[in-house]
Amino acid sequence: MATPVNVGMIGYGFMGRAHTNGYKRCPDFFPELRHQPVLKAACARSEDKIQAFADQWGYESIETDWRKLIARDDIDAIDICVPNNLHKEIAIACAEAGKMILCEKPLAMNVAEGEEMCKAVEKAKVPHTVWYNYRRVPAVTLAKQIIESGALGRIFHYRANFLQDWTISEDLPQGGQALWRLDAEAAGSGVTGDLLAHCIDTAIWLNGTVSDVSAMTETFIKERVHQATGEKTKVTIDDACAFMCHFSNGSLGLFESTRYARGHKALYTLEINGSEMSLRWDLEDLHRLEVFDHKDEGALRGWKSVHVSDHGGEHPYMDKWWVPGLQIGYEHSFVHHVADFMKSLDEGKPCGPTFRDALETQKVCDAVLTSAKERSWENV
Ligand SMILES: NC(=O)C1=CN([C@@H]2O[C@H](COP(=O)(O)OP(=O)(O)OC[C@H]3O[C@@H](n4cnc5c(N)ncnc54)[C@H](OP(=O)(O)O)[C@@H]3O)[C@@H](O)[C@H]2O)C=CC1
Ligand SMILES: O=C1CO[C@H](CO)[C@@H](O)[C@@H]1O
């Protein structure tokens, strides 16, 4: 019988659903783990909506005040799936109450907040993690394993894009469900914290730390109606951001993100070029890792597309799913993260990215925003 980890979920939106699916799948697909999640309570301000969510997804109870949820003795772990401006206060309260924390990205609104959060979890010594989920797409995890083997040789370049098009309409308000992303008060920043943060987390994981950055940002729609007041209000988030950087290993980085790339809904791509090998990955084709190996000889030397679906232990996570050759999807990255968190409890080890790891990403985000504002190179 596994040790139950009673989860208190805060938020029933996009991530509330994605994480809950992860908790539900974990015992069935990772039965060997000695800790397993239990859907104990769900919390949000709207009583009707959180009750409906709890009924649909199988939470035993609800709360409408996150402080009451944290105060409950029957809750072991709090999952923070609320807008970014709430992460710090909730996470620190959790740490002080001795609760485990699974916090959504970006860690915080800025580095200062992130530092406080790191100190709180480190002082309380509570298990914690940040949901940079793309690390746990099997093809991305495989890229990490290949890079760690040294097969790429000397790394010269890293580049990543995260492109969307959902905010092109001038009629879209700022504020409200999902649209809190357009309000700097709730989101902290625009595409930098929302989308580039993912690219930066994966980049640091795959290629090491970033030493300095030079960035540009643009806010294409300058005013939008704010849902709280009904008034047209200045938009202060970055609608688009591009930056170049140096990594500490001497390689060069290029990153771009926008919500104004008509036709692109969630195009996250990354590529890394080494002296011996290059790898590239595309979220729209997430089970494939493209590989160019300079050691291949003759007429067949070229980019190959590896279908990451092998069961012989070669492809991370895949032995947990269907028969060889069949693929999995976006939601599985969250299932894997839940399973890795439970495994970290079994082993008494941290589950990355920790708050401290996510603070590195936050530092890059802050440096990017400062650089764009000051038109300067910024050290990270
Ligand atoms: N890892 C990833 O790939 C992704 C990460 N995210 C991150 O997840 C977080 C949540 O995003 P998302 O799920 O899309 O957001 P949604 O807008 O879909 O949901 C937000 C939820 O927060 C609840 N909420 C807001 N304020 C409070 C409060 N004071 N107390 C309790 N509940 C509150 C809302 O319910 P109510 O209004 O009723 O209180 C709602 O259920 C963000 O930090 C975002 O950056 C988001 C998408 C993908
Ligand atoms: O990965 C992601 C996909 O896009 C969302 C916004 O539309 C982000 O919030 C999220 O982090």
# chains A, B, ... in the order shown; residues from 1 in each chain; ligands from 1

$ closest_atom_pairs --of "range 137-223 of chain A" --to "range 285-296 of chain A" --cutoff "10 Å" --atoms "only C-alpha atoms" --output "JSON lines"
{"residue": "A:Val137", "atom": "CA", "partner": "A:Leu286", "partner_atom": "CA", "distance": 7.3}
{"residue": "A:Pro138", "atom": "CA", "partner": "A:His287", "partner_atom": "CA", "distance": 7.0}
{"residue": "A:Ala139", "atom": "CA", "partner": "A:Leu289", "partner_atom": "CA", "distance": 5.5}
{"residue": "A:Val140", "atom": "CA", "partner": "A:Leu289", "partner_atom": "CA", "distance": 7.6}
{"residue": "A:Leu142", "atom": "CA", "partner": "A:Leu289", "partner_atom": "CA", "distance": 8.1}
{"residue": "A:Ala143", "atom": "CA", "partner": "A:Leu289", "partner_atom": "CA", "distance": 7.5}
{"residue": "A:Ala151", "atom": "CA", "partner": "A:Asp293", "partner_atom": "CA", "distance": 8.8}
{"residue": "A:Leu152", "atom": "CA", "partner": "A:Asp293", "partner_atom": "CA", "distance": 8.3}

$ closest_atom_pairs --of "chain A" --to "ligand 1" --cutoff "8 Å" --atoms "only C-alpha atoms and all ligand atoms" --output "CSV"
residue,atom,partner,partner_atom_place_in_ligand_line,distance
A:Ile10,CA,ligand 1,32 (N),5.5
A:Gly11,CA,ligand 1,41 (O),3.6
A:Tyr12,CA,ligand 1,41 (O),3.8
A:Gly13,CA,ligand 1,18 (O),3.2
A:Phe14,CA,ligand 1,13 (O),3.8
A:Met15,CA,ligand 1,13 (O),3.8
A:Gly16,CA,ligand 1,13 (O),5.7
A:Arg17,CA,ligand 1,13 (O),7.7
A:Cys43,CA,ligand 1,31 (C),5.9
A:Ala44,CA,ligand 1,32 (N),3.5
A:Arg45,CA,ligand 1,39 (O),3.6
A:Ser46,CA,ligand 1,38 (O),3.8
A:Glu47,CA,ligand 1,38 (O),7.2
A:Lys49,CA,ligand 1,38 (O),6.4
A:Ile50,CA,ligand 1,38 (O),6.8
A:Thr64,CA,ligand 1,31 (C),6.7
A:Asp65,CA,ligand 1,30 (N),6.2
A:Trp66,CA,ligand 1,31 (C),5.8
A:Ile80,CA,ligand 1,9 (C),7.2
A:Cys81,CA,ligand 1,10 (C),4.3
A:Val82,CA,ligand 1,22 (O),3.7
A:Pro83,CA,ligand 1,42 (C),4.5
A:Asn84,CA,ligand 1,43 (O),4.4
A:Leu86,CA,ligand 1,29 (N),7.0
A:His87,CA,ligand 1,43 (O),7.3
A:Cys103,CA,ligand 1,43 (O),8.0
A:Glu104,CA,ligand 1,8 (O),4.8
A:Lys105,CA,ligand 1,45 (O),5.1
A:Pro106,CA,ligand 1,45 (O),5.8
A:Leu107,CA,ligand 1,43 (O),7.9
A:Trp131,CA,ligand 1,1 (N),5.1
A:Tyr132,CA,ligand 1,1 (N),5.2
A:Asn133,CA,ligand 1,1 (N),5.4
A:Tyr134,CA,ligand 1,3 (O),7.3
A:Gly176,CA,ligand 1,17 (O),7.4
A:Gln177,CA,ligand 1,17 (O),4.3
A:Ala178,CA,ligand 1,17 (O),3.8
A:Leu179,CA,ligand 1,17 (O),7.1
A:Trp180,CA,ligand 1,17 (O),6.8
A:Arg181,CA,ligand 1,45 (O),7.9
A:Ala187,CA,ligand 1,45 (O),7.5
A:Gly193,CA,ligand 1,45 (O),7.7
A:Asp194,CA,ligand 1,45 (O),5.6
A:His198,CA,ligand 1,3 (O),7.6

$ select_by_dssp --residues "range 228-338 of chain A" --states "strand (DSSP E or B)" --output "compact mmCIF listing (two decimals) with C-alpha atoms, in the first residue's frame"
# COMPACT_ATOMS: atom_id res chain seq x y z
CA LYS A 232 -9.58 51.45 -21.76
CA THR A 233 -6.29 51.07 -19.91
CA LYS A 234 -2.66 51.13 -21.01
CA ALA A 240 6.65 40.07 -28.36
CA CYS A 241 10.24 39.59 -27.24
CA ALA A 242 13.45 38.53 -28.93
CA PHE A 243 16.83 38.24 -27.27
CA MET A 244 20.32 37.02 -27.88
CA CYS A 245 22.61 35.77 -25.16
CA HIS A 246 25.88 34.12 -24.24
CA PHE A 247 25.78 30.85 -22.36
CA LEU A 252 25.46 31.73 -28.43
CA GLY A 253 21.70 31.77 -27.87
CA LEU A 254 18.83 33.25 -29.90
CA PHE A 255 15.27 33.29 -28.55
CA GLU A 256 12.02 34.69 -29.92
CA SER A 257 8.45 34.72 -28.62
CA THR A 258 5.29 36.50 -29.70
CA LEU A 267 4.88 26.54 -31.85
CA TYR A 268 7.68 25.80 -29.40
CA THR A 269 10.83 24.78 -31.24
CA LEU A 270 14.38 24.37 -30.07
CA GLU A 271 17.67 23.51 -31.76
CA ILE A 272 21.17 22.94 -30.44
CA ASN A 273 24.25 22.73 -32.66
CA GLY A 274 27.47 21.04 -31.55
CA MET A 277 25.91 16.57 -33.70
CA SER A 278 22.82 18.79 -33.82
CA LEU A 279 19.40 18.16 -32.29
CA ARG A 280 16.09 19.88 -32.89
CA TRP A 281 12.57 19.49 -31.49
CA ASP A 282 9.14 20.90 -32.28
CA ARG A 288 10.04 13.27 -32.69
CA LEU A 289 13.65 14.26 -32.06
CA GLU A 290 15.53 15.37 -35.18
CA VAL A 291 19.18 14.35 -35.10
CA PHE A 292 22.10 15.14 -37.40
CA ASP A 293 25.16 13.05 -36.57
CA LYS A 304 17.10 11.78 -39.22
CA SER A 305 13.80 11.88 -37.41
CA VAL A 306 13.76 9.65 -34.35
CA HIS A 307 10.27 8.53 -33.32

$ atom_distance --atom1 "CA of Ser149 in chain A" --atom2 "CA of Trp303 in chain A"
19.4 Å

$ atom_distance --atom1 "CA of Arg34 in chain A" --atom2 "CA of Val308 in chain A"
27.4 Å

$ closest_residue --among "A:Val335, A:Leu300, A:Leu283, A:Ala77" --to "ligand 2" --atoms "only C-alpha atoms and all ligand atoms"
A:Leu283

$ closest_residue --among "A:Asp310, A:Glu331, A:Glu113, A:Asp79" --to "ligand 2" --atoms "only C-alpha atoms and all ligand atoms"
A:Glu331
